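Please read the structure below before turning to the comments.
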Amino acid sequence: MKKVVMARLMSVFVPAMRTDLVSCGMVREPEVAVEGGKVLVPVNIPAGFAGDVAEVKTLVEDKLQSLEGVENLLVVMTAEKAPDPVAQPPKLKNDRPAEATGRDMRPHSAPIPGVKNVIAVASGKGGVGKSTTAVNLALGLRALGLKVGLLDADIYGPSMPRLLDITERPEIEDDRVVPIDKYGLRNMSMGFLMEEENPVIWRGPMVVSALMQMTREVAWGELDVLVLDMPPGTGDAQLTMAQQVPLAGAVIVSTPQDLALIDARKGLNMFKNVDVPILGIIENMSTFICPHCGKGSDIFGHGGAEQDARRLGVPFLGAVPLHMDIREHSDTGTPVVISQAQGPHAKIYRDISLKIATRLFPEQDED
């Protein structure tokens, strides 16, 4: 199937390049993904391209949509350009890195139609349970009666298919992707479009472009809150999302130990530098609860995130223990807020969700 797709792409002539898409390097075979009837084609627009970008996308879609076996087609347009001055590394001054504040790009971000609030659940590094936290917080907000969507913004390591036990593929209607409903959430993830064990081998600009399309070309409908499960770190993808999506606030997830907190502070400062409000910090895996004796052990330490929140002057939203039930239900796609709705861990997530909702909808709290 992929060979047939590549053959079709080789027949797409680009007047501005005087050759076809593949020969000029605008489409590279390793970056094209074909899974069953799902086809993803990244098209890299070179710097100084004199042609019509929209026309190129239309040419690709016309060539492939008529191909037998193609059910869903996603054409991702990316561009090579000089880095924006805001994203430049800070210059060294007195042998110490200067703070990179830059100008606020958020006024240039456009609202997502129908979405009242967008919040980011982020961490400075991976492995701190951010995705599990994002899912349970989204479900906690849903339990408050809010209309909630969940976007898995981690292109390289999408977690939502496993955390929500979603195996079906999203449909495309009127050139927009229809999110998959599960547990009352409207969900979208790159993992819904690809096989679980197949890696996404994309360069940074392709990832950024895909994120923008997943944010704005999805039929979210009317939502009170769209939760973004952000990729870990503070790179180009994270900065672009923070600048170009109208975020109502960010939630920082960290484990208690010093190493994780250092990276969490970096993530927090990134959001501050682009004027995104910090809704608070969550300490995840705060204490290990033994499933046999019920006693707690502070494997990763305890209270470090709360101390950091107090020192930085941001809200501390709560501590979530490291417990077997949370891990097991996450692996089976039945988050504890759903599967153990009356349990102590679900209550922790719901309490944190209530604190977030209070910040997002202060007028309702006053009522």
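Following the order of the structure tokens, first chain is A, next is B, and so on, with residues numbered from 1 inside each chain and ligands from 1 in the order they appear.
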Find the spatial neighbours of stretch 315-323 of chain A, counting only C-alpha atoms, within a cut-off of 7 Å - ignore same-chain residues fewer than 4 positions away - and output them as a list in words.
->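 Result of the neighbour search: Leu279, Gly280, Ile281, Ile282, Glu283, Asn284, Met285, Ser286, Thr287, Phe288, Ile289, Glu306, Ala309, Arg327, Ile348, Ile352 and Lys355 of chain A.
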Write a file of the just-selected residues containing C-alpha atoms, as a compact mmCIF listing (two decimals), in the first residue's frame.
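part-v6.txt written:
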```
# COMPACT_ATOMS: atom_id res chain seq x y z
CA LEU A 279 -3.16 27.09 37.80
CA GLY A 280 -0.99 25.12 40.21
CA ILE A 281 1.41 22.26 40.86
CA ILE A 282 0.49 18.62 41.49
CA GLU A 283 2.83 16.28 43.36
CA ASN A 284 2.40 12.87 41.73
CA MET A 285 3.71 9.57 43.14
CA SER A 286 3.90 11.45 46.42
CA THR A 287 3.92 8.39 48.67
CA PHE A 288 4.00 4.70 47.83
CA ILE A 289 1.12 2.83 49.45
CA GLU A 306 4.33 21.65 47.83
CA ALA A 309 4.75 25.87 45.05
CA ARG A 327 -1.33 1.99 37.74
CA ILE A 348 -8.10 13.24 45.17
CA ILE A 352 -7.92 18.86 42.30
CA LYS A 355 -9.78 23.66 42.44
```
Please provide the set of residues having any atom within 7 Å of A:Val32, restricted to only C-alpha atoms, with same-chain residues fewer than 5 positions apart removed, written as a PyMOL selection string.
-> chain A and resi 40-42
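Taking only C-alpha atoms into account, A:Thr133 lies nearest to A:Val121 out of the set A:Ala248, A:Met212, A:Cys24, A:Val121.
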Those of stretch 159-339 of chain A in DSSP strand (DSSP E or B), formatted as a count of residues only = 43
Would you mind listing what lies within 7 Å of stretch 225-234 of chain A as a PyMOL selection string, with only C-alpha atoms counted and same-chain residues fewer than 4 positions away left out?
-> chain A and resi 115-126+131+134+138+147-154+238-239+267+270
May I have the selected residues written with C-alpha atoms, as a PDB file, in the first residue's frame?
```pdb
ATOM      1  CA  VAL A 115     -14.002  25.949  23.190  1.00  0.00           C
ATOM      2  CA  LYS A 116     -14.314  28.242  26.229  1.00  0.00           C
ATOM      3  CA  ASN A 117     -11.121  27.301  28.084  1.00  0.00           C
ATOM      4  CA  VAL A 118      -7.942  25.462  27.133  1.00  0.00           C
ATOM      5  CA  ILE A 119      -5.636  24.239  29.891  1.00  0.00           C
ATOM      6  CA  ALA A 120      -2.262  22.537  29.557  1.00  0.00           C
ATOM      7  CA  VAL A 121      -1.157  19.675  31.799  1.00  0.00           C
ATOM      8  CA  ALA A 122       2.621  19.768  31.547  1.00  0.00           C
ATOM      9  CA  SER A 123       5.870  18.563  33.076  1.00  0.00           C
ATOM     10  CA  GLY A 124       9.502  19.440  32.587  1.00  0.00           C
ATOM     11  CA  LYS A 125      10.428  15.804  31.967  1.00  0.00           C
ATOM     12  CA  GLY A 126       8.849  12.489  31.136  1.00  0.00           C
ATOM     13  CA  SER A 131      -0.687  11.645  31.061  1.00  0.00           C
ATOM     14  CA  ALA A 134      -4.319  14.594  32.608  1.00  0.00           C
ATOM     15  CA  ALA A 138     -10.300  15.633  32.547  1.00  0.00           C
ATOM     16  CA  LYS A 147     -18.259  19.501  28.705  1.00  0.00           C
ATOM     17  CA  VAL A 148     -14.637  18.363  28.362  1.00  0.00           C
ATOM     18  CA  GLY A 149     -12.294  17.439  25.537  1.00  0.00           C
ATOM     19  CA  LEU A 150      -8.859  15.817  25.826  1.00  0.00           C
ATOM     20  CA  LEU A 151      -6.053  16.315  23.292  1.00  0.00           C
ATOM     21  CA  ASP A 152      -2.988  14.093  23.505  1.00  0.00           C
ATOM     22  CA  ALA A 153      -0.349  16.562  22.279  1.00  0.00           C
ATOM     23  CA  ASP A 154       2.551  14.126  22.630  1.00  0.00           C
ATOM     24  CA  GLN A 238       5.779  23.070  23.810  1.00  0.00           C
ATOM     25  CA  LEU A 239       6.640  26.729  23.171  1.00  0.00           C
ATOM     26  CA  GLY A 267       8.367  24.085  32.510  1.00  0.00           C
ATOM     27  CA  MET A 270       8.358  28.662  30.208  1.00  0.00           C
TER      28      MET A 270
END
```
Which distance in Å separates atom CA of A:Asp308 and atom CA of A:Val251, to one decimal?
->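 About the pair atom CA of A:Asp308 and atom CA of A:Val251: they are 13.9 Å apart.
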